[in-house]
$ cat upload_21.cif   # mmCIF, C-alpha atoms and all ligand atoms
data_start
#
loop_
_atom_site.group_PDB
_atom_site.id
_atom_site.type_symbol
_atom_site.label_atom_id
_atom_site.label_comp_id
_atom_site.auth_asym_id
_atom_site.auth_seq_id
_atom_site.Cartn_x
_atom_site.Cartn_y
_atom_site.Cartn_z
ATOM 1 C CA MET A 1 130.247 109.658 3.835
ATOM 2 C CA THR A 2 129.230 107.713 6.912
ATOM 3 C CA LYS A 3 128.858 103.959 6.711
ATOM 4 C CA PRO A 4 125.132 103.917 7.525
ATOM 5 C CA ARG A 5 124.576 106.134 4.482
ATOM 6 C CA THR A 6 126.462 103.893 2.036
ATOM 7 C CA ASP A 7 124.853 100.840 3.667
ATOM 8 C CA ALA A 8 121.439 102.283 2.844
ATOM 9 C CA MET A 9 122.568 102.938 -0.744
ATOM 10 C CA ILE A 10 123.737 99.371 -1.196
ATOM 11 C CA ARG A 11 120.553 98.039 0.407
ATOM 12 C CA VAL A 12 118.254 99.962 -1.918
ATOM 13 C CA ASP A 13 120.348 99.250 -5.016
ATOM 14 C CA GLN A 14 120.501 95.534 -4.289
ATOM 15 C CA ALA A 15 116.721 95.529 -3.880
ATOM 16 C CA GLY A 16 116.204 97.487 -7.096
ATOM 17 C CA GLU A 17 118.441 95.341 -9.265
ATOM 18 C CA PHE A 18 116.795 92.232 -7.875
ATOM 19 C CA GLY A 19 113.394 93.785 -8.609
ATOM 20 C CA ALA A 20 114.496 94.459 -12.193
ATOM 21 C CA THR A 21 115.291 90.773 -12.733
ATOM 22 C CA ARG A 22 111.800 89.943 -11.452
ATOM 23 C CA ILE A 23 110.093 92.430 -13.783
ATOM 24 C CA TYR A 24 111.768 90.893 -16.822
ATOM 25 C CA ALA A 25 111.077 87.374 -15.542
ATOM 26 C CA GLY A 26 107.376 88.308 -15.365
ATOM 27 C CA GLN A 27 107.428 89.798 -18.861
ATOM 28 C CA LEU A 28 109.188 86.810 -20.406
ATOM 29 C CA ALA A 29 106.879 84.356 -18.594
ATOM 30 C CA VAL A 30 103.906 85.992 -20.319
ATOM 31 C CA MET A 31 105.478 86.727 -23.700
ATOM 32 C CA GLY A 32 107.547 83.636 -24.260
ATOM 33 C CA ASP A 33 110.768 84.015 -26.198
ATOM 34 C CA ARG A 34 109.329 84.509 -29.690
ATOM 35 C CA ALA A 35 107.195 87.596 -29.069
ATOM 36 C CA PRO A 36 108.133 90.980 -30.525
ATOM 37 C CA HIS A 37 110.985 92.467 -28.472
ATOM 38 C CA ALA A 38 111.501 89.215 -26.529
ATOM 39 C CA ALA A 39 115.152 89.102 -27.621
ATOM 40 C CA GLU A 40 115.674 92.700 -26.511
ATOM 41 C CA ILE A 41 114.012 91.995 -23.167
ATOM 42 C CA GLY A 42 116.153 88.879 -22.759
ATOM 43 C CA ARG A 43 119.277 90.932 -23.379
ATOM 44 C CA MET A 44 118.292 93.545 -20.785
ATOM 45 C CA ALA A 45 117.327 90.785 -18.347
ATOM 46 C CA GLN A 46 120.840 89.343 -18.647
ATOM 47 C CA GLN A 47 122.366 92.706 -17.777
ATOM 48 C CA GLU A 48 120.021 93.026 -14.795
ATOM 49 C CA ALA A 49 121.199 89.601 -13.613
ATOM 50 C CA VAL A 50 124.785 90.903 -13.693
ATOM 51 C CA HIS A 51 123.781 94.064 -11.794
ATOM 52 C CA SER A 52 121.861 92.051 -9.246
ATOM 53 C CA ALA A 53 124.727 89.604 -8.661
ATOM 54 C CA ARG A 54 127.203 92.471 -8.208
ATOM 55 C CA PHE A 55 125.063 94.138 -5.548
ATOM 56 C CA ASP A 56 124.450 90.774 -3.860
ATOM 57 C CA ALA A 57 128.227 90.403 -3.576
ATOM 58 C CA LEU A 58 128.718 93.967 -2.305
ATOM 59 C CA LEU A 59 125.978 93.464 0.267
ATOM 60 C CA ALA A 60 127.645 90.278 1.532
ATOM 61 C CA GLN A 61 131.202 91.692 1.503
ATOM 62 C CA ARG A 62 130.220 94.693 3.552
ATOM 63 C CA GLY A 63 127.802 92.931 5.864
ATOM 64 C CA VAL A 64 124.885 95.129 4.861
ATOM 65 C CA ARG A 65 121.471 93.941 5.947
ATOM 66 C CA PRO A 66 119.245 93.297 2.914
ATOM 67 C CA THR A 67 115.832 94.920 2.789
ATOM 68 C CA LEU A 68 113.114 93.018 4.635
ATOM 69 C CA LEU A 69 110.869 93.799 1.676
ATOM 70 C CA GLN A 70 112.679 91.435 -0.722
ATOM 71 C CA PRO A 71 109.745 88.945 -0.861
ATOM 72 C CA LEU A 72 107.393 91.820 -1.626
ATOM 73 C CA TRP A 73 109.630 93.125 -4.444
ATOM 74 C CA SER A 74 109.916 89.618 -5.812
ATOM 75 C CA ALA A 75 106.134 89.305 -6.115
ATOM 76 C CA ALA A 76 105.443 92.910 -7.076
ATOM 77 C CA GLY A 77 108.211 92.993 -9.694
ATOM 78 C CA PHE A 78 107.023 89.783 -11.306
ATOM 79 C CA ALA A 79 103.386 90.986 -11.247
ATOM 80 C CA LEU A 80 104.314 94.325 -12.797
ATOM 81 C CA GLY A 81 106.262 92.580 -15.552
ATOM 82 C CA ALA A 82 103.478 90.107 -16.240
ATOM 83 C CA ALA A 83 100.764 92.781 -16.222
ATOM 84 C CA THR A 84 102.580 95.091 -18.611
ATOM 85 C CA ALA A 85 103.394 92.197 -20.967
ATOM 86 C CA LEU A 86 99.718 91.185 -20.958
ATOM 87 C CA ILE A 87 98.777 94.666 -22.165
ATOM 88 C CA GLY A 88 101.230 94.243 -25.027
ATOM 89 C CA PRO A 89 104.829 94.573 -26.168
ATOM 90 C CA GLU A 90 104.726 98.392 -26.176
ATOM 91 C CA ALA A 91 103.424 98.435 -22.597
ATOM 92 C CA ALA A 92 106.238 96.095 -21.597
ATOM 93 C CA MET A 93 108.661 98.638 -23.062
ATOM 94 C CA ALA A 94 106.790 101.502 -21.370
ATOM 95 C CA CYS A 95 107.455 99.743 -18.066
ATOM 96 C CA THR A 96 111.198 99.696 -18.795
ATOM 97 C CA ALA A 97 111.103 103.349 -19.903
ATOM 98 C CA ALA A 98 109.399 104.386 -16.650
ATOM 99 C CA ILE A 99 111.638 102.326 -14.380
ATOM 100 C CA GLU A 100 114.864 103.376 -16.087
ATOM 101 C CA THR A 101 113.897 107.051 -16.029
ATOM 102 C CA GLU A 102 113.517 106.777 -12.272
ATOM 103 C CA ILE A 103 116.648 104.637 -11.810
ATOM 104 C CA ASP A 104 118.764 107.024 -13.883
ATOM 105 C CA ARG A 105 117.689 109.812 -11.540
ATOM 106 C CA HIS A 106 118.222 107.646 -8.464
ATOM 107 C CA TYR A 107 121.748 106.550 -9.452
ATOM 108 C CA THR A 108 122.673 110.091 -10.490
ATOM 109 C CA ASP A 109 121.531 111.383 -7.076
ATOM 110 C CA GLN A 110 123.627 108.702 -5.376
ATOM 111 C CA LEU A 111 126.707 109.615 -7.453
ATOM 112 C CA ASP A 112 126.258 113.283 -6.522
ATOM 113 C CA GLU A 113 125.981 112.352 -2.882
ATOM 114 C CA LEU A 114 129.031 110.057 -2.971
ATOM 115 C CA GLY A 115 131.308 112.506 -4.749
ATOM 116 C CA GLU A 116 134.849 111.159 -4.377
ATOM 117 C CA ASP A 117 133.911 108.881 -1.468
ATOM 118 C CA ASP A 118 133.807 105.127 -1.876
ATOM 119 C CA PRO A 119 135.208 104.774 -5.424
ATOM 120 C CA GLU A 120 134.307 101.067 -5.546
ATOM 121 C CA LEU A 121 130.636 101.787 -5.004
ATOM 122 C CA GLY A 122 130.774 104.898 -7.194
ATOM 123 C CA SER A 123 132.234 103.127 -10.217
ATOM 124 C CA THR A 124 129.688 100.313 -9.901
ATOM 125 C CA ILE A 125 126.810 102.774 -9.784
ATOM 126 C CA ARG A 126 128.202 104.769 -12.726
ATOM 127 C CA GLU A 127 128.625 101.664 -14.861
ATOM 128 C CA PHE A 128 125.118 100.430 -14.074
ATOM 129 C CA ARG A 129 123.578 103.856 -14.584
ATOM 130 C CA ASP A 130 125.016 103.878 -18.098
ATOM 131 C CA ASP A 131 123.479 100.451 -18.763
ATOM 132 C CA GLU A 132 120.106 101.678 -17.445
ATOM 133 C CA ARG A 133 120.264 104.720 -19.722
ATOM 134 C CA GLU A 134 120.883 102.393 -22.622
ATOM 135 C CA HIS A 135 117.833 100.328 -21.554
ATOM 136 C CA LEU A 136 115.772 103.514 -21.534
ATOM 137 C CA ASP A 137 116.886 104.334 -25.089
ATOM 138 C CA ALA A 138 116.179 100.768 -26.206
ATOM 139 C CA ALA A 139 112.670 100.890 -24.716
ATOM 140 C CA LEU A 140 111.892 104.179 -26.446
ATOM 141 C CA SER A 141 113.245 102.881 -29.767
ATOM 142 C CA ALA A 142 111.054 99.794 -29.376
ATOM 143 C CA GLY A 143 107.915 101.920 -29.232
ATOM 144 C CA ALA A 144 107.317 102.422 -25.495
ATOM 145 C CA GLU A 145 105.490 105.675 -26.170
ATOM 146 C CA GLN A 146 102.981 103.884 -28.424
ATOM 147 C CA ALA A 147 101.666 101.872 -25.454
ATOM 148 C CA PRO A 148 97.980 102.406 -24.711
ATOM 149 C CA GLY A 149 97.576 105.021 -21.970
ATOM 150 C CA TYR A 150 101.307 105.694 -22.028
ATOM 151 C CA PRO A 151 101.381 108.888 -19.894
ATOM 152 C CA LEU A 152 99.306 107.328 -17.130
ATOM 153 C CA LEU A 153 101.203 104.038 -17.230
ATOM 154 C CA PHE A 154 104.544 105.854 -17.274
ATOM 155 C CA HIS A 155 103.702 108.058 -14.289
ATOM 156 C CA ALA A 156 102.091 105.288 -12.247
ATOM 157 C CA ILE A 157 105.112 103.023 -12.658
ATOM 158 C CA ARG A 158 107.522 105.848 -11.854
ATOM 159 C CA LEU A 159 105.595 106.611 -8.697
ATOM 160 C CA GLY A 160 105.645 102.942 -7.685
ATOM 161 C CA CYS A 161 109.364 102.772 -8.343
ATOM 162 C CA ARG A 162 110.021 105.894 -6.266
ATOM 163 C CA THR A 163 107.995 104.481 -3.393
ATOM 164 C CA ALA A 164 109.886 101.193 -3.548
ATOM 165 C CA ILE A 165 113.207 103.088 -3.449
ATOM 166 C CA ARG A 166 112.152 105.064 -0.374
ATOM 167 C CA LEU A 167 110.936 102.005 1.490
ATOM 168 C CA SER A 168 113.908 99.788 0.634
ATOM 169 C CA ALA A 169 116.462 102.285 1.892
ATOM 170 C CA LYS A 170 114.876 102.138 5.356
ATOM 171 C CA ILE A 171 113.098 98.834 5.855
HETATM 172 FE FE FE B 201 119.979 97.266 -13.504
HETATM 173 FE FE FE B 202 117.884 98.213 -16.525
#

$ encode --input "upload_21.cif" --output "C-alpha cells"
Amino acid sequence: MTKPRTDAMIRVDQAGEFGATRIYAGQLAVMGDRAPHAAEIGRMAQQEAVHSARFDALLAQRGVRPTLLQPLWSAAGFALGAATALIGPEAAMACTAAIETEIDRHYTDQLDELGEDDPELGSTIREFRDDEREHLDAALSAGAEQAPGYPLLFHAIRLGCRTAIRLSAKI
C-alpha cells in the first residue's frame, strides 16, 4: 500500500465523516430536539462527531492534505439534512439509510484494499463501518422506507454520496 493511496483514503473519509456531522446538523436545525426520531438522530450525530474528530486527528498526524471541497460539503451536507427533514421524519431517516448503504460499501472496499496494511487505519475504518451499519439498521427501523418517494430519494442520495466520495479522494 503506497502512501498516496492511504492519503487519499484518509482524505475522503475525513471529508465524509465531516459531511455526516453537517447532514445531522441540518436535520436537527429543522426538526428541533422534540420531533419524532430527534433523540435517535442526536445519538447518531454524536457518533459522527467522534468519527469526524478521529479522522481530523489522523489527517493532521500524517500530514494529509484535506479536500479542497470541505466548504462545499459543509453547505451541501447541511442543505441535504435540512431538505430531508423538511419532507418529514421518515425522509430524514431515508437520507441516513441511503448514505449509510453507500458508506458501508465504501468502507468495505477500503478494508479489502488495505488487507493487512496499515492496521491503525484498518481498525478505525472497521470500527466506524460497524457504527454506520448500525445507523443503517436504526434508520430502517425508524421507518425510512415509508418516506414519500423512497426509491427515488434513496437512489438520488446514494448517487450524490458516490459522487462526493469520488471527488473528495482527488480534489
Ligand atoms: Fe460516520
Ligand atoms: Fe453514520

$ axis_aligned_box --input "upload_21.cif" --around "segment 12-31 of chain A" --padding-each-side "5 Å" --output "AutoDock Vina command-line options"
--center_x 112.2 --center_y 92.2 --center_z -12.8 --size_x 26.6 --size_y 25.6 --size_z 31.8

$ residues_near_point --input "upload_21.cif" --point "(103.9, 102.6, -10.7)" --cutoff "12 Å" --atoms "all atoms listed in the file" --output "number ranges by chain"
A: 76-77, 79-81, 83-84, 94-99, 102, 151-165

$ residues_near_ligand --input "upload_21.cif" --ligand "ligand FE 202 (chain B)" --cutoff "12 Å" --atoms "all atoms listed in the file" --output "PyMOL selection string"
chain A and resi 13+16-24+40-52+93+95-104+107+127-139

$ atom_distance --input "upload_21.cif" --atom1 "atom CA of Phe78 of chain A" --atom2 "atom CA of Ser168 of chain A"
17.0 Å

$ atom_distance --input "upload_21.cif" --atom1 "atom CA of Arg126 of chain A" --atom2 "atom CA of Thr108 of chain A"
8.0 Å

$ residues_near_point --input "upload_21.cif" --point "(117.6, 103.8, 5.5)" --cutoff "12 Å" --atoms "only C-alpha atoms" --output "list in words"
Lys3, Pro4, Arg5, Thr6, Asp7, Ala8, Met9, Ile10, Arg11, Val12, Asp13, Val64, Arg65, Pro66, Thr67, Leu68, Ile165, Arg166, Leu167, Ser168, Ala169, Lys170 and Ile171 of chain A

$ closest_residue --input "upload_21.cif" --among "A:Leu86, A:Pro119, A:Leu59, A:Gln14" --to "ligand FE 201 (chain B)" --atoms "only C-alpha atoms and all ligand atoms"
A:Gln14

$ closest_residue --input "upload_21.cif" --among "A:Thr124, A:Leu140, A:Arg62, A:Leu28" --to "ligand FE 201 (chain B)" --atoms "all atoms listed in the file"
A:Thr124

$ closest_residue --input "upload_21.cif" --among "A:Pro89, A:Ala25, A:Ile125, A:Pro148" --to "ligand FE 201 (chain B)" --atoms "only C-alpha atoms and all ligand atoms"
A:Ile125
